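Structure file query_13.csv (CSV, C-alpha atoms and all ligand atoms) follows.
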chain,number,residue,atom,x,y,z
A,228,MET,CA,-6.2,13.8,-14.1
A,229,THR,CA,-5.7,12.0,-10.8
A,230,THR,CA,-5.6,8.3,-10.5
A,231,ARG,CA,-6.2,6.9,-7.0
A,232,GLY,CA,-5.7,3.6,-5.3
A,233,GLY,CA,-4.8,1.8,-2.2
A,234,CYS,CA,-4.3,-1.4,-0.3
A,235,LEU,CA,-6.9,-4.0,0.7
A,236,CYS,CA,-7.3,-2.8,4.3
A,237,GLY,CA,-7.3,0.9,3.4
A,238,ALA,CA,-4.5,1.9,5.6
A,239,VAL,CA,-2.3,3.0,2.7
A,240,ARG,CA,-3.8,5.2,-0.1
A,241,PHE,CA,-2.0,6.9,-3.0
A,242,ALA,CA,-2.7,9.4,-5.8
A,243,ALA,CA,-0.9,9.9,-9.1
A,244,SER,CA,-1.4,12.8,-11.4
A,245,GLY,CA,-1.1,12.7,-15.2
A,246,GLU,CA,-1.4,9.9,-17.7
A,247,SER,CA,0.1,6.5,-17.1
A,248,THR,CA,2.3,4.8,-19.6
A,249,HIS,CA,3.6,1.3,-20.5
A,250,PRO,CA,0.8,-0.8,-19.0
A,251,THR,CA,2.1,-4.4,-18.9
A,252,LEU,CA,1.4,-7.8,-17.6
A,253,CYS,CA,4.7,-9.0,-15.9
A,254,HIS,CA,5.5,-12.7,-15.6
A,255,CYS,CA,8.8,-12.4,-13.7
A,256,GLU,CA,9.4,-14.6,-10.7
A,257,SER,CA,10.0,-11.5,-8.4
A,258,CYS,CA,6.6,-10.1,-9.2
A,259,ARG,CA,5.0,-13.5,-8.7
A,260,ARG,CA,6.6,-14.1,-5.3
A,261,SER,CA,6.1,-10.6,-4.0
A,262,THR,CA,2.4,-10.6,-4.8
A,263,GLY,CA,1.4,-14.2,-4.6
A,264,ALA,CA,-0.2,-13.9,-8.0
A,265,PRO,CA,0.8,-15.8,-11.2
A,266,ALA,CA,1.3,-12.6,-13.1
A,267,VAL,CA,1.1,-8.9,-12.2
A,268,ALA,CA,-0.4,-6.0,-14.2
A,269,TRP,CA,1.6,-2.7,-13.8
A,270,THR,CA,1.3,0.8,-15.2
A,271,THR,CA,3.9,3.6,-14.9
A,272,PHE,CA,3.4,7.1,-13.6
A,273,ALA,CA,5.7,10.1,-13.3
A,274,ARG,CA,7.3,9.8,-9.8
A,275,GLY,CA,7.0,13.5,-9.3
A,276,GLY,CA,3.2,13.3,-9.5
A,277,PHE,CA,2.9,10.3,-7.3
A,278,ARG,CA,2.3,10.5,-3.5
A,279,PHE,CA,1.0,8.4,-0.7
A,280,THR,CA,-2.1,10.2,0.7
A,281,ALA,CA,-2.7,7.9,3.7
A,282,GLY,CA,-0.4,5.7,5.7
A,283,THR,CA,3.2,4.8,5.0
A,284,PRO,CA,3.9,1.6,3.2
A,285,ALA,CA,6.7,-0.8,4.1
A,286,GLU,CA,9.5,-1.1,1.6
A,287,HIS,CA,11.4,-4.2,0.4
A,288,ARG,CA,14.5,-4.1,-1.8
A,289,SER,CA,13.8,-7.1,-4.0
A,290,SER,CA,16.9,-6.6,-6.2
A,291,PRO,CA,19.8,-4.2,-6.1
A,292,GLY,CA,18.4,-0.7,-6.9
A,293,VAL,CA,14.8,-1.9,-6.8
A,294,ALA,CA,12.3,-0.9,-4.1
A,295,ARG,CA,8.9,-2.5,-3.8
A,296,THR,CA,6.3,-1.1,-1.4
A,297,PHE,CA,3.5,-2.9,0.3
A,298,CYS,CA,1.0,-2.3,3.2
A,299,SER,CA,2.6,-3.6,6.4
A,300,ARG,CA,-0.9,-4.2,7.8
A,301,CYS,CA,-2.6,-6.2,5.1
A,302,GLY,CA,0.3,-7.1,2.8
A,303,SER,CA,-1.0,-5.7,-0.4
A,304,ALA,CA,1.8,-5.0,-2.9
A,305,LEU,CA,1.6,-1.4,-4.3
A,306,THR,CA,4.6,0.0,-6.2
A,307,TYR,CA,7.9,-0.8,-7.8
A,308,ALA,CA,10.7,1.8,-8.4
A,309,ARG,CA,14.2,1.6,-9.7
A,310,ASP,CA,16.9,3.8,-8.4
A,311,GLU,CA,18.3,4.2,-12.0
A,312,LEU,CA,14.9,5.5,-13.2
A,313,PRO,CA,14.2,8.3,-10.7
A,314,ASP,CA,11.4,9.8,-12.8
A,315,GLU,CA,9.2,6.7,-12.9
A,316,ILE,CA,7.2,4.6,-10.5
A,317,ASP,CA,5.3,1.5,-11.4
A,318,VAL,CA,2.0,0.9,-9.7
A,319,ILE,CA,0.1,-2.3,-9.4
A,320,VAL,CA,-3.0,-2.0,-11.5
A,321,ALA,CA,-5.0,-4.2,-9.2
A,322,ALA,CA,-4.4,-1.6,-6.4
A,323,LEU,CA,-6.1,1.1,-8.5
A,324,ASP,CA,-9.7,2.1,-7.7
A,325,GLU,CA,-10.5,1.8,-11.4
A,326,PRO,CA,-8.3,-1.1,-12.7
A,327,GLU,CA,-10.5,-1.6,-15.8
A,328,GLY,CA,-9.1,1.6,-17.2
A,329,HIS,CA,-5.6,0.3,-17.4
A,330,PRO,CA,-5.5,-2.9,-19.6
A,331,PRO,CA,-2.0,-4.2,-20.3
A,332,ALA,CA,-0.6,-3.4,-23.7
A,333,ASP,CA,1.9,-6.2,-23.7
A,334,GLU,CA,3.4,-9.1,-21.6
A,335,THR,CA,6.9,-8.9,-20.2
A,336,TRP,CA,9.4,-11.4,-18.7
A,337,CYS,CA,7.7,-14.2,-20.7
A,338,ASP,CA,10.8,-16.3,-20.3
A,339,GLU,CA,9.6,-16.8,-16.7
A,340,ARG,CA,5.9,-17.2,-17.5
A,341,LEU,CA,4.1,-20.1,-16.0
A,342,ALA,CA,3.2,-22.5,-18.8
A,343,TRP,CA,-0.3,-23.0,-17.4
A,344,MET,CA,-1.1,-19.4,-18.0
A,345,ASP,CA,-1.9,-20.5,-21.6
A,346,ARG,CA,-5.0,-22.3,-20.2
A,347,VAL,CA,-6.4,-19.2,-18.6
A,348,GLY,CA,-9.3,-18.1,-20.7
A,349,THR,CA,-10.3,-21.7,-21.5
A,350,LEU,CA,-11.2,-22.9,-18.0
A,351,PRO,CA,-14.7,-23.3,-16.7
A,352,ARG,CA,-16.0,-20.1,-15.3
A,353,PHE,CA,-18.2,-19.7,-12.2
A,354,PRO,CA,-19.9,-16.3,-11.5
A,355,GLY,CA,-18.9,-16.6,-7.9
A,356,ALA,CA,-17.5,-19.5,-5.9
A,357,ARG,CA,-17.2,-22.9,-7.6
A,358,GLY,CA,-20.6,-24.4,-8.1
A,359,GLU,CA,-23.0,-26.0,-10.5
A,360,LYS,CA,-23.6,-23.1,-12.8
A,361,VAL,CA,-20.8,-22.8,-15.3
A,362,THR,CA,-20.4,-20.2,-18.0
A,363,LYS,CA,-18.3,-21.1,-21.0
A,364,PRO,CA,-15.6,-18.5,-21.9
A,365,LYS,CA,-16.4,-16.8,-25.2
A,366,ARG,CA,-13.7,-17.7,-27.7
B,401,ZN,ZN,-3.4,-2.4,4.0
B,402,ZN,ZN,7.9,-8.5,-12.8

In structure tokens, what does this structure look like?
Amino acid sequence: MTTRGGCLCGAVRFAASGESTHPTLCHCESCRRSTGAPAVAWTTFARGGFRFTAGTPAEHRSSPGVARTFCSRCGSALTYARDELPDEIDVIVAALDEPEGHPPADETWCDERLAWMDRVGTLPRFPGARGEKVTKPKR
């Protein structure tokens, strides 16, 4: 089984073989700042089965022993890897071609979670841009 994904502009593409594990929604401040998103969904692949198939991403060391990659052209965040876990690479679910297949199984770093995330799921929903037609979230 091969899972494929890439950045917004298409310059960087990747492929990962095998099943992914530990899908999570991370609320840590580092993920937030590095992606510009309030929380980030990740899933983990074996590093040996992961490869970039197009382009070479830029790398940022966000903490000691931590490498985050992103597209230097469009800025999309792509992966996270720890030096002390050389067999694993975390991949941003939103960068996958089929993100629906990787729902988070838990939420991590909830001590740093934005309090207003509790309201997500209760807000008015528009099918596209904000307009007159509102659909109520199902509760
Ligand atoms: Zn790009
Ligand atoms: Zn995080």

Next on the checklist: I'd like the neighbourhood of region 311-328 of chain A as a ChimeraX atom specification, where a residue qualifies if any of its atoms comes within 10 Å (using all atoms listed in the file), though same-chain residues fewer than 4 positions away should be ignored.
Outcome noted: /A:230-235,240-243,247-252,262,267-277,292-296,303-307

Item to check | Close residues to ligand ZN 401 (chain B) using all atoms listed in the file, limit 9 Å, as a VMD selection string | outcome: chain A and resid 233 to 240 282 284 297 to 303

Next on the checklist: Using all atoms listed in the file, which residues of the polymer chains come no farther than 8 Å from ligand ZN 402 (chain B)? I'd like the answer as a PyMOL selection string.
Outcome noted: chain A and resi 253-259+266-267+335-336

Next on the checklist: Please compute the CA of Arg288 (chain A)-CA of Ala308 (chain A) distance, one decimal, in Å.
Outcome noted: 9.6 Å

Checklist entry - Which one is closest to Ser290 (chain A): A:Arg357, A:His329, A:Arg309, A:Arg260? Count all atoms listed in the file. => result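 Result for the nearest residue to Ser290 (chain A): A:Arg309.
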
Checklist outcome for this item: Correct to one decimal, the distance CA of Thr229 (chain A)-CA of Arg278 (chain A) is 10.9 Å
